[in-house]
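What follows is the content of final_26.pdb, which has PDB, C-alpha atoms, pLDDT in the B column:
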```
ATOM      1  CA  MET A   1     140.549 105.719  69.429  1.00 48.00           C
ATOM      2  CA  ALA A   2     143.397 103.268  69.827  1.00 49.00           C
ATOM      3  CA  ASP A   3     145.257 105.792  71.985  1.00 49.00           C
ATOM      4  CA  GLU A   4     142.268 106.078  74.358  1.00 51.00           C
ATOM      5  CA  SER A   5     142.073 102.321  74.881  1.00 46.00           C
ATOM      6  CA  VAL A   6     145.828 102.192  75.488  1.00 43.00           C
ATOM      7  CA  LYS A   7     145.518 104.946  78.113  1.00 50.00           C
ATOM      8  CA  GLN A   8     142.753 103.054  79.879  1.00 50.00           C
ATOM      9  CA  ALA A   9     144.703  99.816  79.745  1.00 45.00           C
ATOM     10  CA  GLU A  10     147.827 101.514  81.116  1.00 57.00           C
ATOM     11  CA  ASN A  11     146.048 102.946  84.145  1.00 72.00           C
ATOM     12  CA  PRO A  12     142.951 100.905  85.052  1.00 74.00           C
ATOM     13  CA  ALA A  13     142.976 102.254  88.634  1.00 69.00           C
ATOM     14  CA  GLU A  14     142.515 105.816  87.390  1.00 76.00           C
ATOM     15  CA  ALA A  15     139.671 104.734  85.101  1.00 78.00           C
ATOM     16  CA  SER A  16     138.065 102.927  88.028  1.00 81.00           C
ATOM     17  CA  ASN A  17     138.393 106.041  90.222  1.00 83.00           C
ATOM     18  CA  GLN A  18     136.828 108.215  87.532  1.00 87.00           C
ATOM     19  CA  ASN A  19     134.000 105.712  87.173  1.00 89.00           C
ATOM     20  CA  MET A  20     133.386 105.673  90.954  1.00 89.00           C
ATOM     21  CA  ALA A  21     133.504 109.483  91.141  1.00 90.00           C
ATOM     22  CA  SER A  22     130.953 109.657  88.353  1.00 91.00           C
ATOM     23  CA  LYS A  23     128.664 107.157  90.108  1.00 92.00           C
ATOM     24  CA  LEU A  24     128.908 109.035  93.422  1.00 93.00           C
ATOM     25  CA  SER A  25     128.091 112.297  91.684  1.00 91.00           C
ATOM     26  CA  ALA A  26     125.052 110.753  89.975  1.00 94.00           C
ATOM     27  CA  ALA A  27     123.910 109.221  93.274  1.00 94.00           C
ATOM     28  CA  GLY A  28     124.243 112.600  94.986  1.00 94.00           C
ATOM     29  CA  TRP A  29     122.166 114.368  92.358  1.00 94.00           C
ATOM     30  CA  GLY A  30     119.604 111.574  92.475  1.00 96.00           C
ATOM     31  CA  LEU A  31     119.296 111.887  96.257  1.00 96.00           C
ATOM     32  CA  PHE A  32     119.068 115.657  95.942  1.00 95.00           C
ATOM     33  CA  PHE A  33     116.134 115.495  93.490  1.00 96.00           C
ATOM     34  CA  VAL A  34     114.349 112.819  95.534  1.00 97.00           C
ATOM     35  CA  TRP A  35     114.788 114.953  98.677  1.00 96.00           C
ATOM     36  CA  ILE A  36     113.486 118.115  96.982  1.00 95.00           C
ATOM     37  CA  GLY A  37     110.560 116.187  95.493  1.00 96.00           C
ATOM     38  CA  LEU A  38     109.635 114.752  98.893  1.00 97.00           C
ATOM     39  CA  ALA A  39     109.954 118.205 100.437  1.00 96.00           C
ATOM     40  CA  PHE A  40     107.385 119.556  97.956  1.00 95.00           C
ATOM     41  CA  LEU A  41     105.071 116.553  98.373  1.00 97.00           C
ATOM     42  CA  VAL A  42     104.853 116.808 102.154  1.00 97.00           C
ATOM     43  CA  SER A  43     105.353 120.591 102.478  1.00 95.00           C
ATOM     44  CA  MET A  44     108.483 120.040 104.530  1.00 95.00           C
ATOM     45  CA  ASP A  45     109.799 122.819 106.754  1.00 93.00           C
ATOM     46  CA  ALA A  46     112.579 124.812 105.062  1.00 91.00           C
ATOM     47  CA  GLY A  47     114.971 124.047 107.914  1.00 92.00           C
ATOM     48  CA  LEU A  48     114.593 120.308 107.325  1.00 96.00           C
ATOM     49  CA  VAL A  49     115.097 120.780 103.598  1.00 95.00           C
ATOM     50  CA  LEU A  50     118.331 122.663 104.246  1.00 93.00           C
ATOM     51  CA  LEU A  51     119.515 120.011 106.714  1.00 96.00           C
ATOM     52  CA  GLY A  52     118.810 117.267 104.183  1.00 97.00           C
ATOM     53  CA  ILE A  53     120.699 119.045 101.410  1.00 96.00           C
ATOM     54  CA  GLY A  54     123.665 119.551 103.720  1.00 96.00           C
ATOM     55  CA  ALA A  55     123.586 115.921 104.818  1.00 97.00           C
ATOM     56  CA  ILE A  56     123.439 114.654 101.222  1.00 97.00           C
ATOM     57  CA  THR A  57     126.311 116.916 100.192  1.00 96.00           C
ATOM     58  CA  LEU A  58     128.506 115.792 103.077  1.00 97.00           C
ATOM     59  CA  ALA A  59     127.526 112.129 102.636  1.00 96.00           C
ATOM     60  CA  ILE A  60     128.789 112.214  99.052  1.00 96.00           C
ATOM     61  CA  GLN A  61     132.120 113.558 100.309  1.00 96.00           C
ATOM     62  CA  MET A  62     132.264 110.794 102.912  1.00 96.00           C
ATOM     63  CA  GLY A  63     131.624 108.329 100.103  1.00 94.00           C
ATOM     64  CA  ARG A  64     134.473 109.839  98.095  1.00 94.00           C
ATOM     65  CA  LYS A  65     136.783 109.450 101.086  1.00 95.00           C
ATOM     66  CA  SER A  66     135.742 105.849 101.696  1.00 93.00           C
ATOM     67  CA  PHE A  67     136.577 104.968  98.072  1.00 91.00           C
ATOM     68  CA  GLY A  68     139.945 106.713  98.252  1.00 91.00           C
ATOM     69  CA  LEU A  69     138.913 109.629  96.069  1.00 93.00           C
ATOM     70  CA  PRO A  70     140.045 113.162  96.864  1.00 93.00           C
ATOM     71  CA  LEU A  71     137.643 115.276  98.891  1.00 93.00           C
ATOM     72  CA  GLU A  72     136.200 118.390  97.268  1.00 92.00           C
ATOM     73  CA  LEU A  73     136.659 121.297  99.662  1.00 90.00           C
ATOM     74  CA  PHE A  74     134.051 123.438  97.920  1.00 84.00           C
ATOM     75  CA  TRP A  75     131.324 120.843  98.457  1.00 91.00           C
ATOM     76  CA  ILE A  76     132.358 120.258 102.059  1.00 93.00           C
ATOM     77  CA  VAL A  77     131.938 123.986 102.725  1.00 88.00           C
ATOM     78  CA  VAL A  78     128.589 124.007 100.901  1.00 88.00           C
ATOM     79  CA  GLY A  79     127.369 121.045 102.972  1.00 94.00           C
ATOM     80  CA  ILE A  80     128.401 122.688 106.230  1.00 93.00           C
ATOM     81  CA  VAL A  81     126.730 125.967 105.232  1.00 86.00           C
ATOM     82  CA  PHE A  82     123.474 124.146 104.454  1.00 90.00           C
ATOM     83  CA  LEU A  83     123.611 122.217 107.735  1.00 94.00           C
ATOM     84  CA  LEU A  84     124.232 125.389 109.735  1.00 90.00           C
ATOM     85  CA  ALA A  85     121.530 127.275 107.868  1.00 86.00           C
ATOM     86  CA  GLY A  86     119.058 124.459 108.546  1.00 90.00           C
ATOM     87  CA  ILE A  87     119.910 124.383 112.237  1.00 92.00           C
ATOM     88  CA  LEU A  88     119.647 128.167 112.546  1.00 86.00           C
ATOM     89  CA  TYR A  89     116.318 128.117 110.693  1.00 87.00           C
ATOM     90  CA  LEU A  90     114.883 125.345 112.862  1.00 91.00           C
ATOM     91  CA  LEU A  91     116.031 127.064 116.048  1.00 91.00           C
ATOM     92  CA  ASP A  92     114.635 130.374 114.750  1.00 85.00           C
ATOM     93  CA  VAL A  93     117.983 132.059 115.350  1.00 80.00           C
ATOM     94  CA  SER A  94     118.566 135.305 113.541  1.00 71.00           C
ATOM     95  CA  VAL A  95     122.102 136.326 112.715  1.00 64.00           C
ATOM     96  CA  PRO A  96     122.731 139.927 113.831  1.00 64.00           C
ATOM     97  CA  GLY A  97     122.958 142.349 110.930  1.00 58.00           C
ATOM     98  CA  SER A  98     121.834 139.846 108.321  1.00 57.00           C
ATOM     99  CA  SER A  99     118.169 140.928 108.121  1.00 59.00           C
ATOM    100  CA  GLY A 100     117.370 137.521 106.609  1.00 65.00           C
ATOM    101  CA  ALA A 101     119.717 138.037 103.656  1.00 70.00           C
ATOM    102  CA  LEU A 102     122.675 135.970 104.865  1.00 68.00           C
ATOM    103  CA  LEU A 103     121.709 132.641 103.274  1.00 66.00           C
ATOM    104  CA  PRO A 104     120.827 134.101  99.865  1.00 76.00           C
ATOM    105  CA  ILE A 105     124.089 136.054  99.852  1.00 77.00           C
ATOM    106  CA  LEU A 106     126.070 132.929 100.769  1.00 73.00           C
ATOM    107  CA  LEU A 107     124.329 130.978  98.012  1.00 75.00           C
ATOM    108  CA  VAL A 108     125.103 133.671  95.432  1.00 84.00           C
ATOM    109  CA  LEU A 109     128.751 133.739  96.537  1.00 82.00           C
ATOM    110  CA  ALA A 110     128.985 129.940  96.359  1.00 77.00           C
ATOM    111  CA  GLY A 111     127.502 129.961  92.869  1.00 82.00           C
ATOM    112  CA  LEU A 112     129.884 132.675  91.733  1.00 88.00           C
ATOM    113  CA  ALA A 113     132.850 130.771  93.163  1.00 81.00           C
ATOM    114  CA  LEU A 114     131.797 127.672  91.252  1.00 79.00           C
ATOM    115  CA  LEU A 115     131.366 129.630  88.011  1.00 86.00           C
ATOM    116  CA  VAL A 116     134.759 131.289  88.406  1.00 86.00           C
ATOM    117  CA  SER A 117     136.392 127.895  88.984  1.00 79.00           C
ATOM    118  CA  VAL A 118     134.845 126.595  85.760  1.00 81.00           C
ATOM    119  CA  PHE A 119     136.096 129.529  83.708  1.00 85.00           C
ATOM    120  CA  ARG A 120     139.569 129.290  85.261  1.00 81.00           C
ATOM    121  CA  GLY A 121     139.758 125.711  84.048  1.00 69.00           C
ATOM    122  CA  ARG A 122     139.650 124.080  87.480  1.00 53.00           C
ATOM    123  CA  ARG A 123     136.904 121.896  88.854  1.00 53.00           C
ATOM    124  CA  THR A 124     136.301 122.229  92.619  1.00 49.00           C
TER     125      THR A 124
END
```
Using the file provided, produce a representation of the structure as structure tokens.
Amino acid sequence: MADESVKQAENPAEASNQNMASKLSAAGWGLFFVWIGLAFLVSMDAGLVLLGIGAITLAIQMGRKSFGLPLELFWIVVGIVFLLAGILYLLDVSVPGSSGALLPILLVLAGLALLVSVFRGRRT
């Protein structure tokens, strides 16, 4: 335990960054659950739900940048995909050749990429 306190004392900026990253992550998940709960309560259109998820995801990355934390490319891509999916859904645009399966396929691929990154020992 003494070694841990020495590490923290040696690099308080890193401890502060980890603390801020943790708070931003918790805030993002909190916003996500509030948004999903509101969507169920008011029977929100799926396009709006997707837009909100994308906006929350990208807002967390903007928060990371504003606090000098590194951006997470995976979550930026996820946020953009959700925003685009929401816009396409609201505009009732169908992607040629997708037969409505494009978003589920993208979600499965994103989930698999995240799982692979965990098992490879890296966090995206």
Computed gap from atom CA of Gly68 of chain A to atom CA of Ala85 of chain A is 29.2 Å
Rank nothing, just name the residue among A:Gly52, A:Gly47, A:Gly30, A:Gly111 nearest to Val93 of chain A, using only C-alpha atoms.
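Ranking A:Gly52, A:Gly47, A:Gly30, A:Gly111 by distance to Val93 of chain A, first place goes to A:Gly47.
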Atom CA of Ile60 of chain A to atom CA of Trp29 of chain A, straight-line distance in Å:
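Separating atom CA of Trp29 of chain A from atom CA of Ile60 of chain A is a distance of 9.7 Å.
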Could you spell out the hits of the PyMOL selection byres ((chain A and resi 17-23) around 10) on the shown file, as an MDAnalysis selection string?
chainID A and resid 12:16 24:29 60 63:64 67:70
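Note on the selection: in this file the PyMOL selection byres ((chain A and resi 84) around 12) comes out as Gly47, Leu48, Val49, Leu50, Leu51, Gly52, Ile53, Gly54, Ala55, Val77, Val78, Gly79, Ile80, Val81, Phe82, Leu83, Ala85, Gly86, Ile87, Leu88, Tyr89, Leu90, Leu91, Asp92, Val93, Val95, Leu102, Leu103 and Leu106 of chain A.
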